[in-house]
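Engineer: Below is the structure I would like to discuss, written out as structure tokens.
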Amino acid sequence: MDLVIIGNGIAGITAARHVRKLDAGARITVISAETDHFYSRTALMYIYMGDMTYTHTKPYEDGFWKKNRIDLLRDYVERVDTDARCLHLRSGGTLRFDKLLLATGSVPRFAGWPGEDARGVQGFYSMQDLDRMEADTAGVQHAVVVGGGLIGVELAEMLHTREIGVTLLVRSDWYLPAALPEEEGRMVNDHIRARGIDLRLKTELAEVLTDDAGRVRAVRTNHGDEVGAQWVGIAIGVAPNIRFLEGSGIETDRGILVDRYMETNVPGVFAAGDCAQHRTPPPERPPLEPLWYAGREQGATAAFGITDRVRPYAPGVFFNSAKFFDLEWQVYGRLQTTLPEHERTLYWQHPTAEKAIRLNYAFAADTSGDGAAVPRLTAVNVMGIRYRHDVCTHWITEGTGIETVLQNLGAANFDPEFTPQHEADFVAQYNRQTGRSLTLKRRRGWRQRLDVLAGS
Amino acid sequence: MTTQTLDRPRAERTAQAPFPLSADRPSFDQVPTYDPSLSLTGNPAYHPSAGQKVALAAVGLAALACLAGWASGTGFSGLLMAVVVLGFGGGGVAYAWLTYGRGHAGTHNHGIMFSAQQARGHAGWLWGILLTGLYVLVYWFPQYLAGLVAVFDPISNLLGYPEGSRQWVMYGSFYTLAVATMGVRAMLKYRHVRYQRIRTASVMFCQLVFGYSLPYLLVFFGQPELYLHYFWPLDYDGLWPDTFGWMPLAALIFGAAMIFIGTPVLTYFFGKRWYCSWVCGCGGLAETAGDPYRHLSDKSLRAWRIERWMIHGVLAFIVLTTLILWANAQWGVLGPVAEGFKKWYVFFIGLMFAGVIGVGFYPVFGSRVWCRFGCPMAAILGLQQRFFSRFRITTNGSQCISCGNCSTYCEMGIDVRWYAQRGQNIVRASCVGCGVCSAVCPRGVLSLESGPLTARFGTPQNNLIEDLDILDAS
Ligand SMILES: Cc1cc2nc3c(=O)[nH]c(=O)nc-3n(C[C@H](O)[C@H](O)[C@H](O)COP(=O)(O)OP(=O)(O)OC[C@H]3O[C@@H](n4cnc5c(N)ncnc54)[C@H](O)[C@@H]3O)c2cc1C
Ligand code: SF4
Ligand code: SF4
């Protein structure tokens with residue numbers, strides 16, 4: 001089998017590694033126009049900040065690919081011919097395939113603002129973007145970042161380390177309202193502001209103003225304010241990178257449409273990662289999942305499909321994490337930011353430190369046959385505290401009762417040793433609010449974790 | 001502006017610009033995004049404040065005092081010693097405070113890769129050569145350092161240290177000063193993690209008390225100079241026959257009990273970290289003065305292969321040497337051969353490796369070269385940790401984003417990310433449990449823990465199938 005993979009990101013590379021294990025005879029070629037080797041896109045910011053170099057961000061040594069017979073090709077695919085089953089490359093050649101995996105990732109979204117083509121205005125996604133940012137931010141005094149997402153705050157931090165002033169324009173009332181409830185979102189707002197970032201909420205970009213040389217000199221917001229800036233980062237989101245597929249016969253909507261095996265409408269042609277769109281998303285999942293973790297899982301799933309094995313995409317309980325400057329965030333389960341009728345929330349916040357724990361739970365009356373509705377854990381959200389993936393997922397999958405969770409909450413703690421633990425405070429607050437008298441039975445530790453997972 | 005335009009990628013830009021092909025930018029490997037220059041730091045954001053400049057000036061003054069002492073030969077040593085200690089210590093602490101102590105706590109390794117001094121630039125090489133040169137002089141040609149040695153005469157006089165071995169007082173004083181000053185820096189740098197504060201305090205305490213004050217106090221009271229935190233085989237003569245001539249019996253029993261009973265028991269419960277990053281003086285220097293260079297360790301598979309041969313080779317060497325020395329002491333059969341073994345061990349391993357290469361090359365090979373490739377104590381602890389210890393670094397399910405911070409800042413050159421990204425626990429002989437991988441991870445993926453022996457490796461979470469083998473022969 002001749003397998004060609006377009007894209008050497010997490011989705012394409014996970015697929016390549018899995019196919020190599022599943023089919024020792026397959027010929028595997030990975031094409032990318034971006035870099036020679038797989039690197040971790042999530043670490044781009046650390047290269048700019050000087051924490052790491054490009055070499056540090058490569059998860060595998062360069063010799064790994066040859067050793068595992070995965071051929072790498074640096075080129076740009078101009079066109080996919082699904083009838084002749086071949087690719088047309090920018091360098092002029094063509095490449096034949098039996099099976100094809102499209103793992104082409106995303107491109108930054110722009111909104112069509114006046115002046116957005118000015119020099120010094122850019123999105124942030126690729127190594128080339130980093131290169132351009134390095135060149136265009138040299139000597140810059142002030143920058144504007146547009147977008148209240150995870151890349152927006154990364155850009156703000158990056159610029160901050162170069163002592164460039166930052167105005168951050170965010171459309172909503174607090175940071176990341178799609179994922180964070182108000183309390184946590186406001187904690188992020190304060191955290192960002194404390195770093196000296198000029199965070200402007202409920203503010204959008206209206207226009208980019210340029211100088212005579214066609215370089216950005218300022219932006220105008222939707223409130224009519226003008227903010228002087230010599231560099232503008234656009235981080236309002238990403239869209240699947242699929243334009244080069246026009247006319248290929250591969251069905252697309254916002255992304256490349258795939259079934260549960262990550263296969264497109266063209267047999268033998270698969271898609272995975274940011275560029276893929278589920279025709280029928282798994283329960284509680286959106287059709288597009290532009291996340292590192294989803295790319296990894298989808299790439300592995302595609303490898304099974306490519307080697308003709310039946311293994312549908314089943315990503316399990318949702319999770320995510322990020323870091324806003326120095327504030328870490330982890331979430332397990334689908335956290336509803338506006339509570340549906342049958343859901344409740346328990347929220348605890350440290351009186352002084354930037355730490356918070358939230359447990360959401362639901363009265364799942366419909367599933368309990370015995371009448372009494374047991375409130376069951378649905379989601380865990382922690383700020384400035386680390387929680388265990390497997391323990392939280394276990395509770396959510398099992399639908400563990402909220403009071404059982406509370407009594408064992410310490411077992412979920414994953415902070416480094418000697419870190420003060422706050423689960424007892426959480427339970428005490430619950431007791432105060434409800435008049436109950438629960439006690440915390442477990443503290444952090446490996447043994448505690450095993451006990452919980454074993455269900456004892 | 002309608003929502004419809006908002007949702008569409010901007011056509012022109014995606015069509016043209018994003019992929020400058022080979023001609024523009026052949027590879028990101030060859031061309032660093034930012035060039036470290038000859039300056040102390042190439043970090044474009046590094047503008048030392050007035051306070052930082054004053055602190056640096058104090059350090060510079062101390063360096064000048066060293067030079068002056070060295071050039072003068074002897075004389076006004078009390079004054080010079082005060083300037084050296086206060087300049088390096090006070091200036092260093094002040095600088096660390098101004099850099100890490102104020103403002104927001106958190107992992108801030110920004111600019112390290114732009115720093116010529118920390119990223120193996122010209123300044124790093126120069127500093128490495130200078131340190132190495134000093135080691136060579138201290139070990140083999142102390143007469144050329146007479147003036148510098150004399151700077152610490154106030155201490156040597158107090159102790160009644162004999163002429164001719166006073167360079168060890170100078171060396172010990174600098175060593176301890178470095179651990180103390182840079183220890184404060186490490187505590188400030190990692191102050192957001194309590195594990196780091198406690199652990200650093202522990203290595204500083206052990207060096208200040210067991211590595212400096214206590215031995216000199218013993219000397220002051222006319223007792224033998226004992227270092228209670230070093231045991232055979234790291235303190236190689238700790239169990240050699242000659243030791244019986246001068247070491248108090250209690251100290252010998254303590255040393256033997258520590259290596260044969262204390263070490264396995266403690267390592268079983270806590271991993272080798274109880275020693276390597278909490279107690280040991282070599283580890284203490286690495287964790288404090290060596291911290292700015294921790295990322296320079298070699299992460300390649302090749303280095304790992306070399307490591308396993310070398311460190312176990314050294315262990316075999318010291319065991320053999322000790323056995324031969326004892327056989328010789330008992331039966332006197334091996335005569336010169338035994339002496340030869342001893343001489344070569346002391347020269348190559350004790351001095352060249354542990355000292356000259358181990359510390360002199362900090363700015364080139366990183367801070368734990370000796371601990372990783374050469375230390376026989378680490379070899380023993382490592383075998384115990386790998387095969388019989390409750391210690392492991394737990395990986396938090398699937399949360400790893402493969403960013404590489406953990407591997408980059410692992411001073412032992414362990415490719416932590418390899419395990420973390422496949423969702424598997426890290427059980428490695430060389431891990432000294434410094435905890436920095438856990439501290440720098442931006443996604444809360446790693447935690448140092450002890451638990452039952454069973455299942456401590458864990459099963460990979462993120463690979464639907466067993467991954468390609470990391471050590472597959474090529
Ligand atoms: C700065 C940044 C930070 C992020 N941080 C996080 C995070 O913390 N957590 C998280 O979950 N997610 C994060 N993400 C999102 C995550 O990185 C992506 O979801 C993931 O990398 C997508 O992987 P992929 O394999 O689908 O595609 P990509 O990694 O985008 O790989 C696609 C590759 O294909 C190449 N390509 C595309 N078209 C062609 C063509 N026609 N010919 C040749 N090559 C082509 C592209 O150049 C690219 O190299 C972040 C993203 C960015 C940009
Ligand atoms: S693996 Fe982590 S704890 Fe162990 S030596 Fe490396 S950085 Fe330190
Ligand atoms: S474990 Fe943490 S630091 Fe290491 S690669 Fe994964 S996310 Fe990055």
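We label chains A, B, ... in the order they appear in the structure tokens, count residues from 1 in each chain, and number ligands from 1 in the order shown.
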Compile a residue-level contact table for chain A against ligand 3 at a cut-off of 9 Å, reporting for every qualifying residue the shortest atom pair and its distance in Å to one decimal, with only C-alpha atoms and all ligand atoms counted, rows ordered by chain and ascending number, as a tab-separated table.

Structural biologist:
```
residue	atom	partner	partner_atom_place_in_ligand_line	distance
A:Ser40	CA	ligand 3	5 (S)	8.8
A:Thr42	CA	ligand 3	8 (Fe)	8.8
A:Ala43	CA	ligand 3	8 (Fe)	8.0
A:Thr57	CA	ligand 3	5 (S)	8.6
A:Pro59	CA	ligand 3	5 (S)	8.1
```

Engineer: Which polymer residues have any atom within 9 Å of an atom of Tyr139 of chain B, counting only C-alpha atoms, with same-chain residues fewer than 2 positions away left out, as an MDAnalysis selection string?

Structural biologist: chainID B and resid 134:137 141:142 167 351 355

Engineer: Pull C-alpha atoms from the residues just selected and write them as a PDB file, in the first residue's frame.

Structural biologist:
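Final file, selection-v7.pdb:
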```
ATOM      1  CA  LEU B 134      40.659  26.946  37.568  1.00  0.00           C
ATOM      2  CA  TYR B 135      39.946  23.305  38.344  1.00  0.00           C
ATOM      3  CA  VAL B 136      43.169  22.182  36.713  1.00  0.00           C
ATOM      4  CA  LEU B 137      45.118  24.739  38.718  1.00  0.00           C
ATOM      5  CA  PHE B 141      49.168  23.421  40.190  1.00  0.00           C
ATOM      6  CA  PRO B 142      47.912  25.211  43.305  1.00  0.00           C
ATOM      7  CA  GLN B 167      43.758  25.667  48.304  1.00  0.00           C
ATOM      8  CA  LEU B 351      39.528  14.493  39.721  1.00  0.00           C
ATOM      9  CA  GLY B 355      35.783  18.013  39.000  1.00  0.00           C
TER      10      GLY B 355
END
```

Engineer: Please identify all protein, DNA and RNA residues within 7 Å of ligand 2, counting only C-alpha atoms and all ligand atoms, and report them as an MDAnalysis selection string.

Structural biologist: chainID B and resid 406 409:414 416 430:438

Engineer: How many Å lie between atom CA of Leu249 of chain B and atom CA of Leu228 of chain B, rounded to one decimal?

Structural biologist: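 Spanning atom CA of Leu249 of chain B to atom CA of Leu228 of chain B is a straight-line distance of 13.1 Å.
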
Engineer: Would you list the contacts of Leu101 of chain A as a ChimeraX atom specification, taking every protein, DNA or RNA residue within 8 Å and counting only C-alpha atoms, but skipping same-chain residues closer than 6 positions in sequence?

Structural biologist: /A:3-6,12,269-272,302

Engineer: Using only C-alpha atoms, find the residues of chain A whose closest atom to chain B is at most 7 Å away, then write them as a PyMOL selection string.

Structural biologist: chain A and resi 21+33-36+40+42-43+49-57+59+67+108-112+128+131+161-163+239+292+300+321-323+326+328+386+388-390+414-419+446-447

Engineer: Could you pull the residues within 12 Å of Ala135 of chain A, counting only C-alpha atoms, minus those fewer than 3 positions along the same chain, as a ChimeraX atom specification?

Structural biologist: /A:48,119-120,122,128-132,138-140,231 /B:33-34

Engineer: Tell me, which residues of segment 249-292 of chain B carry DSSP alpha helix (DSSP H), written as number ranges by chain?

Structural biologist: B: 249-257, 263-270, 273-276, 281-288

Engineer: Quick one: everything within 8 Å of segment 171-187 of chain A, counting only C-alpha atoms, minus sequence neighbours fewer than 2 positions away in the same chain. Send it as a list in words.

Structural biologist: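 Residues meeting the cut-off are Gly147, Gly148, Gly149, Leu150, Leu169, Asn189, Asp190, His191, Leu201, Lys202, Thr203, Glu204, Leu335, Gln336, Thr337, Thr338, Glu354, Ala356 and Met383 of chain A.
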
Engineer: Using only C-alpha atoms, which residue out of A:Ile151, A:Leu44, A:Leu205, A:Val107 lies closest to Arg243 of chain A?

Structural biologist: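 Among A:Ile151, A:Leu44, A:Leu205, A:Val107, it is A:Val107 that comes nearest to Arg243 of chain A.
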
Engineer: Report as a ChimeraX atom specification: the residues of segment 168-409 of chain A with a DSSP assignment of strand (DSSP E), based on the backbone of this structure.

Structural biologist: /A:168-169,198-200,205-210,216-221,226-228,231-234,238-240,256-258,269-271,276-278,319-324,327-332,343-349,356-363,375-383

Engineer: Looking at only C-alpha atoms and all ligand atoms, which of A:Asn431, A:Thr14, A:Thr400, A:Gln141 is the one that sits closest to ligand 1?

Structural biologist: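 Closest to ligand 1, using only C-alpha atoms and all ligand atoms: A:Thr14.
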